[in-house]
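Q: So I've got this file, input.csv, and it contains CSV, C-alpha atoms:
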```csv
chain,number,residue,atom,x,y,z
A,839,MET,CA,-10.6,-29.9,29.7
A,840,PRO,CA,-8.0,-28.1,27.5
A,841,ILE,CA,-6.0,-30.0,25.0
A,842,TYR,CA,-2.2,-29.6,24.9
A,843,MET,CA,0.6,-30.5,22.5
A,844,ASP,CA,4.2,-30.7,23.7
A,845,ILE,CA,7.5,-31.3,22.0
A,846,HIS,CA,10.3,-33.6,23.3
A,847,HIS,CA,13.8,-33.7,22.0
A,848,VAL,CA,14.6,-37.4,21.8
A,849,PRO,CA,17.7,-37.9,19.6
A,850,GLY,CA,18.2,-41.6,18.9
A,851,ALA,CA,14.7,-42.6,20.1
A,852,GLU,CA,12.9,-45.3,18.0
A,853,ALA,CA,9.3,-46.3,17.6
A,854,LEU,CA,9.4,-48.9,20.4
A,855,ASP,CA,10.9,-46.3,22.8
A,856,LEU,CA,8.0,-43.9,22.2
A,857,ALA,CA,5.4,-46.7,22.4
A,858,GLN,CA,6.8,-47.7,25.8
A,859,ALA,CA,6.8,-44.1,27.1
A,860,HIS,CA,3.2,-43.6,25.9
A,861,GLN,CA,2.2,-46.8,27.7
A,862,LYS,CA,3.7,-45.5,30.9
A,863,ASP,CA,1.8,-42.2,30.4
A,864,LEU,CA,-1.4,-44.2,30.0
A,865,LEU,CA,-0.8,-46.1,33.3
A,866,LEU,CA,-0.3,-42.9,35.3
A,867,GLN,CA,-2.7,-40.5,33.5
A,868,ASP,CA,-5.6,-40.8,35.9
A,869,ARG,CA,-3.5,-39.8,38.8
A,870,TYR,CA,-2.9,-36.4,37.2
A,871,HIS,CA,-6.4,-36.1,35.6
A,872,CYS,CA,-4.9,-36.4,32.2
A,873,LYS,CA,-5.8,-38.3,29.0
A,874,SER,CA,-2.9,-39.1,26.7
A,875,ARG,CA,-4.4,-39.1,23.2
A,876,THR,CA,-1.6,-39.9,20.9
A,877,TYR,CA,1.9,-38.9,19.7
A,878,TRP,CA,4.0,-38.4,16.7
A,879,LEU,CA,7.7,-39.4,16.3
A,880,ASP,CA,10.2,-38.1,13.8
A,881,GLU,CA,13.2,-40.4,14.2
A,882,THR,CA,15.3,-38.5,11.6
A,883,ARG,CA,14.9,-35.2,13.4
A,884,GLY,CA,14.9,-36.7,16.9
A,885,VAL,CA,11.7,-35.0,18.0
A,886,ALA,CA,8.4,-36.3,19.4
A,887,PHE,CA,5.0,-34.6,20.0
A,888,CYS,CA,2.4,-35.7,22.5
A,889,LEU,CA,-1.3,-34.7,22.4
A,890,ILE,CA,-2.8,-34.7,25.9
A,891,GLU,CA,-6.1,-33.6,27.5
A,892,ALA,CA,-5.2,-32.1,30.9
A,893,PRO,CA,-6.3,-29.6,33.4
A,894,ASN,CA,-3.2,-27.5,32.9
A,895,GLU,CA,0.4,-27.6,31.6
A,896,HIS,CA,1.8,-28.5,35.0
A,897,ALA,CA,-0.3,-31.7,35.1
A,898,VAL,CA,1.3,-32.6,31.7
A,899,GLU,CA,4.8,-32.0,33.1
A,900,GLU,CA,4.1,-34.0,36.3
A,901,MET,CA,2.7,-37.0,34.4
A,902,HIS,CA,5.7,-37.1,32.0
A,903,GLN,CA,8.2,-36.7,34.8
A,904,ASN,CA,6.8,-39.5,36.9
A,905,ALA,CA,5.9,-41.8,34.1
A,906,HIS,CA,9.2,-41.9,32.2
A,907,GLY,CA,11.2,-38.7,32.8
A,908,PHE,CA,11.0,-37.4,29.2
A,909,MET,CA,10.3,-33.8,30.0
A,910,PRO,CA,8.7,-31.6,27.3
A,911,TYR,CA,10.7,-28.7,25.9
A,912,LYS,CA,7.6,-26.6,25.3
A,913,ILE,CA,3.8,-27.1,25.7
A,914,ILE,CA,1.1,-25.2,23.9
A,915,GLU,CA,-2.7,-25.3,24.1
A,916,VAL,CA,-4.4,-26.5,20.9
A,917,LYS,CA,-7.8,-27.3,19.4
A,918,ASN,CA,-8.7,-30.8,18.4
A,919,GLU,CA,-10.1,-29.7,15.0
A,920,VAL,CA,-7.0,-27.7,14.2
A,921,VAL,CA,-4.7,-30.5,15.1
A,922,GLU,CA,-6.7,-32.9,12.9
A,923,SER,CA,-6.7,-30.5,10.0
A,924,PHE,CA,-2.9,-30.1,10.1
A,925,LEU,CA,-2.0,-33.7,11.0
A,926,GLY,CA,-4.9,-35.8,10.0
A,927,ARG,CA,-5.7,-37.5,13.3
A,928,ILE,CA,-6.1,-36.9,17.0
A,929,HIS,CA,-5.9,-40.5,18.1
A,930,ASP,CA,-3.5,-43.4,17.4
A,931,PRO,CA,-3.5,-44.5,13.7
A,932,GLU,CA,-6.3,-47.0,13.3
A,933,GLU,CA,-4.3,-49.4,11.2
A,934,THR,CA,-1.6,-49.7,13.9
A,935,GLU,CA,-1.0,-53.3,14.9
A,936,ILE,CA,-0.5,-54.4,18.5
A,937,ASN,CA,2.8,-56.3,19.1
A,938,GLU,CA,3.3,-59.3,21.4
A,939,SER,CA,3.8,-57.0,24.4
A,940,GLY,CA,0.4,-55.4,23.8
A,941,LEU,CA,1.9,-52.1,22.5
A,942,LYS,CA,0.9,-50.1,19.5
A,943,VAL,CA,4.2,-49.3,17.8
A,944,PHE,CA,4.2,-46.7,15.1
A,945,SER,CA,6.4,-43.9,13.9
A,946,GLU,CA,4.8,-41.0,12.1
A,947,SER,CA,6.3,-37.6,11.6
A,948,ALA,CA,4.4,-34.4,12.5
A,949,TYR,CA,6.6,-32.4,10.1
A,950,ARG,CA,4.3,-30.8,7.5
A,951,ILE,CA,4.6,-28.7,4.3
A,952,LEU,CA,2.3,-25.7,4.3
A,953,LEU,CA,0.9,-24.1,1.2
A,954,VAL,CA,-0.4,-20.6,2.1
A,955,THR,CA,-2.3,-18.4,-0.3
A,956,ASP,CA,-2.9,-14.6,0.1
A,957,HIS,CA,-5.0,-12.1,-1.7
A,958,ILE,CA,-6.4,-8.6,-1.3
A,959,ASP,CA,-8.7,-7.9,1.6
A,960,PRO,CA,-12.2,-8.9,0.4
A,961,ILE,CA,-13.7,-5.7,1.9
A,962,LEU,CA,-11.5,-3.6,-0.4
A,963,LEU,CA,-12.4,-5.8,-3.3
A,964,ARG,CA,-16.1,-5.3,-2.6
A,965,HIS,CA,-15.6,-1.6,-2.6
A,966,ARG,CA,-13.9,-1.7,-6.0
A,967,LEU,CA,-16.0,-4.4,-7.7
A,968,GLY,CA,-19.2,-4.6,-5.8
A,969,THR,CA,-20.4,-7.3,-3.4
A,970,ALA,CA,-21.9,-9.7,-5.9
A,971,LYS,CA,-18.9,-9.7,-8.3
A,972,THR,CA,-16.4,-10.1,-5.4
A,973,ASP,CA,-18.3,-12.9,-3.7
A,974,GLU,CA,-18.6,-14.7,-7.1
A,975,MET,CA,-14.9,-14.4,-7.7
A,976,MET,CA,-13.9,-15.4,-4.2
A,977,ALA,CA,-16.2,-18.4,-4.3
A,978,ALA,CA,-14.7,-19.6,-7.6
A,979,GLN,CA,-11.1,-19.1,-6.3
A,980,ASN,CA,-11.8,-20.9,-3.1
A,981,LYS,CA,-13.5,-23.8,-4.9
A,982,LEU,CA,-10.4,-24.2,-7.1
A,983,ILE,CA,-8.0,-24.1,-4.1
A,984,ARG,CA,-10.0,-26.7,-2.2
A,985,SER,CA,-10.3,-29.0,-5.2
A,986,GLU,CA,-6.6,-28.9,-6.1
A,987,VAL,CA,-5.4,-29.3,-2.5
A,988,ALA,CA,-7.6,-32.4,-2.1
A,989,ALA,CA,-6.5,-33.8,-5.4
A,990,GLY,CA,-2.9,-33.3,-4.3
A,991,GLY,CA,-3.3,-35.3,-1.1
A,992,GLY,CA,-3.4,-32.2,1.2
A,993,ARG,CA,-5.7,-31.1,3.9
A,994,MET,CA,-7.4,-27.7,4.0
A,995,VAL,CA,-6.8,-26.1,7.4
A,996,GLN,CA,-8.2,-22.6,6.8
A,997,LEU,CA,-10.1,-21.0,3.9
A,998,ALA,CA,-11.4,-17.6,4.9
A,999,GLY,CA,-10.5,-13.9,5.1
A,1000,ARG,CA,-7.4,-13.1,3.2
A,1001,GLY,CA,-6.4,-16.6,2.0
A,1002,SER,CA,-5.9,-20.2,2.9
A,1003,ILE,CA,-3.6,-22.6,4.7
A,1004,SER,CA,-3.2,-26.2,3.5
A,1005,SER,CA,-1.1,-29.0,5.0
A,1006,PHE,CA,0.8,-31.7,3.2
A,1007,SER,CA,3.1,-34.5,4.3
A,1008,SER,CA,5.0,-34.3,1.0
A,1009,VAL,CA,6.9,-31.5,-0.5
A,1010,SER,CA,6.3,-32.7,-4.0
A,1011,GLN,CA,2.5,-32.9,-3.4
A,1012,ALA,CA,2.4,-29.4,-1.9
A,1013,VAL,CA,4.3,-27.8,-4.8
A,1014,SER,CA,2.4,-29.8,-7.4
A,1015,SER,CA,-0.9,-28.5,-5.9
A,1016,GLY,CA,0.4,-25.0,-6.0
A,1017,LEU,CA,1.4,-25.3,-9.6
A,1018,GLU,CA,-2.1,-26.7,-10.5
A,1019,ILE,CA,-3.7,-23.7,-8.7
A,1020,GLN,CA,-1.4,-21.4,-10.5
A,1021,LYS,CA,-2.2,-22.9,-13.9
A,1022,ASN,CA,-6.0,-23.1,-13.5
A,1023,LEU,CA,-6.7,-19.7,-11.8
A,1024,PRO,CA,-7.5,-17.2,-14.5
A,1025,ALA,CA,-4.8,-14.6,-15.0
A,1026,ALA,CA,-7.3,-11.7,-14.8
A,1027,ASP,CA,-8.5,-13.0,-11.4
A,1028,LYS,CA,-5.0,-13.4,-10.1
A,1029,LYS,CA,-4.2,-9.8,-11.1
A,1030,ILE,CA,-7.4,-8.3,-9.7
A,1031,THR,CA,-7.1,-10.1,-6.3
A,1032,HIS,CA,-3.3,-9.8,-6.1
A,1033,PHE,CA,-3.2,-13.6,-5.6
A,1034,LYS,CA,0.1,-15.0,-4.1
A,1035,MET,CA,1.3,-18.4,-2.9
A,1036,GLY,CA,4.0,-19.3,-0.4
A,1037,VAL,CA,5.3,-22.7,0.6
A,1038,SER,CA,7.0,-23.3,3.9
A,1039,SER,CA,7.6,-26.3,6.3
A,1040,GLY,CA,8.0,-27.0,9.9
A,1041,GLU,CA,6.9,-28.8,13.1
A,1042,PRO,CA,3.7,-28.2,15.1
A,1043,VAL,CA,5.4,-26.9,18.2
A,1044,ALA,CA,8.5,-24.7,18.1
A,1045,LYS,CA,9.0,-21.1,19.5
A,1046,SER,CA,5.5,-19.9,18.8
A,1047,ASP,CA,2.5,-20.5,21.1
A,1048,LYS,CA,0.4,-21.3,18.0
A,1049,LEU,CA,0.3,-24.6,16.1
A,1050,PHE,CA,2.8,-24.4,13.2
A,1051,GLY,CA,3.1,-20.7,14.1
A,1052,GLU,CA,6.6,-20.2,12.6
A,1053,ALA,CA,5.9,-22.1,9.4
A,1054,ILE,CA,2.6,-20.1,8.8
A,1055,GLN,CA,4.3,-16.8,9.5
A,1056,LEU,CA,7.2,-17.6,7.2
A,1057,ALA,CA,4.9,-18.5,4.3
A,1058,ARG,CA,3.0,-15.2,4.9
A,1059,ASN,CA,6.3,-13.3,5.0
A,1060,LEU,CA,7.2,-14.8,1.7
A,1061,CYS,CA,3.9,-14.0,0.1
A,1062,ALA,CA,4.3,-10.4,1.3
A,1063,VAL,CA,7.6,-9.9,-0.7
A,1064,SER,CA,6.6,-12.0,-3.7
A,1065,LYS,CA,6.5,-9.6,-6.7
A,1066,THR,CA,6.8,-11.9,-9.6
A,1067,GLY,CA,3.5,-13.9,-9.5
A,1068,ARG,CA,5.5,-17.0,-9.0
A,1069,ILE,CA,5.1,-19.4,-6.1
A,1070,ILE,CA,7.7,-18.5,-3.5
A,1071,LEU,CA,9.3,-21.4,-1.6
A,1072,SER,CA,11.1,-21.2,1.7
A,1073,SER,CA,14.8,-22.2,1.4
A,1074,GLU,CA,14.1,-25.4,3.3
A,1075,VAL,CA,11.3,-26.4,1.0
A,1076,LYS,CA,13.5,-25.7,-2.0
A,1077,ASN,CA,16.2,-28.0,-0.5
A,1078,LEU,CA,13.7,-30.8,0.1
A,1079,LEU,CA,12.2,-30.5,-3.4
A,1080,ASP,CA,13.7,-32.6,-6.2
A,1081,PRO,CA,16.1,-30.2,-8.0
A,1082,SER,CA,14.7,-31.4,-11.4
A,1083,THR,CA,11.2,-30.3,-10.4
A,1084,TYR,CA,12.5,-26.9,-9.4
A,1085,HIS,CA,14.4,-26.4,-12.6
A,1086,GLN,CA,11.5,-27.7,-14.7
A,1087,HIS,CA,9.2,-25.1,-13.3
A,1088,GLN,CA,11.6,-22.2,-12.8
A,1089,LYS,CA,9.2,-19.9,-14.6
A,1090,ASP,CA,6.6,-20.6,-11.9
A,1091,LEU,CA,8.8,-21.1,-8.7
A,1092,ILE,CA,11.2,-18.8,-6.9
A,1093,SER,CA,13.0,-18.9,-3.5
A,1094,LEU,CA,15.0,-16.6,-1.3
A,1095,SER,CA,18.4,-17.5,0.0
A,1096,THR,CA,18.7,-18.8,3.6
A,1097,GLN,CA,20.4,-15.5,4.6
A,1098,ASP,CA,17.7,-13.3,3.0
A,1099,GLU,CA,15.0,-15.4,4.5
A,1100,ALA,CA,16.5,-15.0,8.0
A,1101,LEU,CA,16.8,-11.2,7.5
A,1102,LEU,CA,13.2,-11.0,6.2
A,1103,GLU,CA,12.0,-12.8,9.4
A,1104,SER,CA,14.0,-10.5,11.6
A,1105,LEU,CA,12.6,-7.4,9.8
A,1106,VAL,CA,9.0,-8.6,10.1
A,1107,ALA,CA,9.6,-9.5,13.8
A,1108,LYS,CA,10.7,-5.9,14.5
A,1109,LEU,CA,7.7,-4.5,12.7
A,1110,GLU,CA,5.4,-6.8,14.6
A,1111,ALA,CA,6.9,-6.0,18.0
A,1112,ASN,CA,6.7,-2.2,17.4
A,1113,TRP,CA,4.0,-1.2,15.0
A,1114,GLN,CA,1.7,0.1,17.8
A,1115,ASP,CA,4.4,2.4,19.2
A,1116,PRO,CA,4.1,5.9,17.6
A,1117,ASP,CA,7.7,6.6,18.7
A,1118,PHE,CA,9.1,3.7,16.7
A,1119,ALA,CA,10.4,5.5,13.6
A,1120,VAL,CA,13.1,4.8,11.0
A,1121,SER,CA,15.9,5.6,13.4
A,1122,GLU,CA,14.6,3.2,16.0
A,1123,PHE,CA,14.1,0.6,13.2
A,1124,CYS,CA,17.7,1.0,12.2
A,1125,GLN,CA,18.9,0.7,15.8
A,1126,SER,CA,16.9,-2.4,16.5
A,1127,MET,CA,18.3,-4.1,13.3
A,1128,LEU,CA,21.8,-2.9,14.0
A,1129,MET,CA,21.8,-1.3,10.5
A,1130,SER,CA,22.6,2.1,9.1
A,1131,LYS,CA,19.8,4.0,7.3
A,1132,SER,CA,21.3,3.2,3.9
A,1133,GLN,CA,21.6,-0.5,4.7
A,1134,LEU,CA,18.0,-0.7,6.0
A,1135,TYR,CA,16.8,1.3,2.9
A,1136,ARG,CA,18.5,-1.1,0.5
A,1137,LYS,CA,16.9,-4.1,2.2
A,1138,THR,CA,13.4,-2.8,2.5
A,1139,ILE,CA,13.5,-1.7,-1.2
A,1140,ALA,CA,14.8,-5.2,-2.2
A,1141,PHE,CA,12.0,-7.0,-0.3
A,1142,TRP,CA,9.0,-4.7,-0.5
A,1143,ASP,CA,9.9,-1.9,-3.0
A,1144,LEU,CA,9.3,0.4,-0.1
A,1145,SER,CA,11.5,2.8,1.9
A,1146,PRO,CA,11.7,2.0,5.6
A,1147,ASN,CA,9.4,5.0,6.3
A,1148,LEU,CA,6.7,3.8,3.8
A,1149,LEU,CA,7.1,0.2,5.0
A,1150,LEU,CA,6.3,1.3,8.6
A,1151,LYS,CA,3.3,3.3,7.5
A,1152,GLU,CA,1.9,0.6,5.3
A,1153,TYR,CA,2.4,-2.1,7.9
A,1154,ARG,CA,0.5,0.0,10.4
A,1155,LEU,CA,-2.3,0.6,7.9
A,1156,ASP,CA,-2.6,-3.2,7.2
A,1157,LYS,CA,-2.8,-3.7,11.0
A,1158,ALA,CA,-5.4,-1.0,11.2
A,1159,CYS,CA,-7.6,-3.0,8.8
A,1160,ASP,CA,-7.2,-6.0,11.0
A,1161,LEU,CA,-8.2,-4.0,14.1
A,1162,LEU,CA,-11.3,-2.6,12.3
A,1163,LYS,CA,-12.3,-6.2,11.3
A,1164,LYS,CA,-11.7,-7.7,14.7
A,1165,HIS,CA,-13.1,-5.0,17.0
A,1166,GLN,CA,-15.1,-2.6,14.7
A,1167,MET,CA,-14.0,0.2,17.0
A,1168,ASN,CA,-14.2,3.9,16.2
A,1169,ILE,CA,-11.6,5.6,14.0
A,1170,SER,CA,-9.9,7.6,16.7
A,1171,GLN,CA,-9.3,4.5,18.8
A,1172,THR,CA,-8.0,2.7,15.7
A,1173,THR,CA,-5.7,5.6,14.9
A,1174,PHE,CA,-3.9,5.4,18.2
A,1175,ASP,CA,-4.0,1.6,18.5
A,1176,SER,CA,-2.2,1.3,15.1
A,1177,GLY,CA,0.6,3.7,16.0
A,1178,PHE,CA,-0.7,6.9,14.4
A,1179,THR,CA,-1.1,10.1,16.4
A,1180,SER,CA,-3.6,12.0,14.3
A,1181,PRO,CA,-7.0,10.7,13.1
A,1182,SER,CA,-7.0,13.1,10.2
A,1183,TYR,CA,-3.6,12.0,9.0
A,1184,PHE,CA,-4.5,8.4,9.6
A,1185,SER,CA,-7.6,8.8,7.4
A,1186,LYS,CA,-5.6,10.5,4.7
A,1187,CYS,CA,-3.0,7.7,4.6
A,1188,PHE,CA,-5.7,5.0,4.7
A,1189,LYS,CA,-7.5,6.6,1.7
A,1190,LYS,CA,-4.3,6.9,-0.2
A,1191,LYS,CA,-3.3,3.3,0.3
A,1192,PHE,CA,-6.7,1.6,0.0
A,1193,GLY,CA,-8.8,4.0,-2.0
A,1194,ILE,CA,-11.5,4.2,0.8
A,1195,LEU,CA,-11.8,6.2,4.0
A,1196,PRO,CA,-11.6,4.1,7.2
A,1197,ALA,CA,-15.1,5.2,8.1
A,1198,ASN,CA,-16.4,3.7,4.8
A,1199,TYR,CA,-14.4,0.6,5.4
A,1200,LEU,CA,-16.0,0.2,8.7
A,1201,SER,CA,-19.4,0.7,7.1
A,1202,PHE,CA,-18.7,-2.2,4.7
A,1203,LEU,CA,-17.9,-4.4,7.7
A,1204,GLN,CA,-21.1,-3.5,9.4
A,1205,SER,CA,-23.4,-3.9,6.4
```
Show how you would write the structure in this file as structure tokens.
A:
Amino acid sequence: MPIYMDIHHVPGAEALDLAQAHQKDLLLQDRYHCKSRTYWLDETRGVAFCLIEAPNEHAVEEMHQNAHGFMPYKIIEVKNEVVESFLGRIHDPEETEINESGLKVFSESAYRILLVTDHIDPILLRHRLGTAKTDEMMAAQNKLIRSEVAAGGGRMVQLAGRGSISSFSSVSQAVSSGLEIQKNLPAADKKITHFKMGVSSGEPVAKSDKLFGEAIQLARNLCAVSKTGRIILSSEVKNLLDPSTYHQHQKDLISLSTQDEALLESLVAKLEANWQDPDFAVSEFCQSMLMSKSQLYRKTIAFWDLSPNLLLKEYRLDKACDLLKKHQMNISQTTFDSGFTSPSYFSKCFKKKFGILPANYLSFLQS
């Protein structure tokens, strides 16, 4: 059966309250063909997350409704291995003691700090350096990241493709691991691979339908606008970090203001929603952002060093690479699916940005 995670807003709830609610779920779960695995409670933030095996979302809602009445705000489907990678467990904590009422009472936050790394597309690197050299460099880089994350008490969630995602329960541990990676990764390798790091934070279920979707996207947005080689922190991570640590490592850390971070998220959301629409041009971009052309120009230059027109084009080209990797379809189809209207113009733009024709890129994928 599918596995679901839900979020409950429970301001004022304590560990005993959640233990009792979980026990009520367990008593009724068979009636709804569910299996309540475990839960997380963040008393400070007033949120709880349940992990449940169930035939569908409706069964989860019905079980909760009839067991205790705490209805979930949102439910998403998840994978056991991904939940365990982010949160460290998919069952109740083993060390939890049973109280005199026979309840396992525990309070563990699901809030995590995510360290995300990004680098150049390995296919493009193979084109430039050769397969053997690229694979050797990537293997060494990945080994270092894995080692420093583990040494810092983090958990590796993903290490493939264009980077990695690691999960930490502590801000200081996440930033310290990033600083160690920054220190030990050879400067020449960082330059060649365009290596970047972003640190964000969040809860497993929010607006996105993916586990920690917002936090991952924010970290990737931050990486995309990082131009200094420093580790870029979300405004929330900076606020959670000991100020003395931030000041001590100012040459290695940077952060956007809360306002700029929100604007960056909004700009990327508009790009993500419209990149496949060939009619979405600068004027539509301005209209969707409620900005004049000059305002939008200043912001895209500040974030990406690109005009709005070039930003749209480069965003579509990056997405075209993703389409080629995912579907390995022909160039004409990729052209239209990535918002271009002419295969010849698409190939010209692709070659100018990446130094390789899309047909050759596809050949590298298939070799």
Q: Under the rule that only C-alpha atoms are counted, which of A:Phe1006, A:Tyr870, A:Tyr911, A:Phe887 is the nearest residue to Phe924 (chain A)?
A: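 Of A:Phe1006, A:Tyr870, A:Tyr911, A:Phe887, the one nearest Phe924 (chain A) is A:Phe1006, counting only C-alpha atoms.
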Q: For the atom pair CA of Phe1141 (chain A) and CA of Gln979 (chain A), what is the interatomic distance in Å to one decimal place?
A: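 Computing it gives 26.8 Å between the two atoms.
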Q: Name all residues at most 10 Å from Ile951 (chain A) (count all atoms listed in the file; drop same-chain ones fewer than 5 positions away) and give them as a PyMOL selection string.
A: chain A and resi 924+992+1004-1013+1037-1041+1053-1054+1075
Q: Please identify all polymer residues within 12 Å of Gln1171 (chain A), counting all atoms listed in the file, omitting same-chain residues fewer than 2 positions from it, and present them as JSON, numbers by chain.
A: {"A": [1114, 1158, 1161, 1162, 1165, 1166, 1167, 1168, 1169, 1173, 1174, 1175, 1176, 1177, 1178, 1179, 1180, 1181, 1184, 1196]}
Q: When you count only C-alpha atoms, which of these residues is closest to Ser1095 (chain A): A:Thr969, A:Asn1077, A:Thr876, A:Gln1125?
A: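 Nearest to Ser1095 (chain A): A:Asn1077.
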Q: Could you give me, as a list in words, the residues within 8 Å of Ser945 (chain A), counting all atoms listed in the file and dropping anything in the same chain fewer than 6 positions from it?
A: Glu852, Ala853, Trp878, Leu879, Asp880 and Glu881 of chain A
Q: Lys917 (chain A): which residues within 12 Å, counting only C-alpha atoms, same-chain residues fewer than 6 positions away excluded, as a PyMOL selection string?
A: chain A and resi 839-843+889-891+923-924+928+1048-1049
Q: CA of Met1127 (chain A) and CA of Asp1047 (chain A) are how many Å apart?
A: 24.1 Å
Q: Which is closest to Gly907 (chain A) among A:Leu982, A:Ala977, A:Leu952, A:Ala859, if we use all atoms listed in the file?
A: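 Of the candidates, the smallest distance to Gly907 (chain A) is held by A:Ala859.
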Q: Name the residues within 10 Å of (-14.4, -15.8, -2.0), counting all atoms listed in the file in the file's coordinates, and put them as a VMD selection string.
A: chain A and resid 960 971 to 981 997 to 1001
Q: Return the single residue from A:Leu866, A:Val920, A:Ile983, A:Ala1100 that is closest to Lys1021 (chain A), with distances computed using all atoms listed in the file.
A: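 Once distances to Lys1021 (chain A) are computed over all atoms listed in the file, the minimum belongs to A:Ile983.
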Q: For region 941-943 of chain A, find every residue with an atom within 8 Å (counting only C-alpha atoms), except residues of its own chain fewer than 5 positions away, and show them as a PyMOL selection string.
A: chain A and resi 853-854+856-858+861+934-936
Q: What is the distance, in Å and to one decimal place, between CA of Ser947 (chain A) and CA of Ala886 (chain A)?
A: 8.2 Å
Q: My list of candidates is A:Val898, A:Val921, A:Gly1016, A:Ser1185. Which is closest to Gly991 (chain A) when distances are computed with all atoms listed in the file?
A: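 Among A:Val898, A:Val921, A:Gly1016, A:Ser1185, it is A:Gly1016 that comes nearest to Gly991 (chain A).
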Q: Which is closer to Phe1050 (chain A) than all the others in A:Phe1118, A:Tyr1084, A:Trp1142, A:Tyr949, using all atoms listed in the file?
A: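 Answer, going by the shortest atom-to-atom distance: A:Tyr949.
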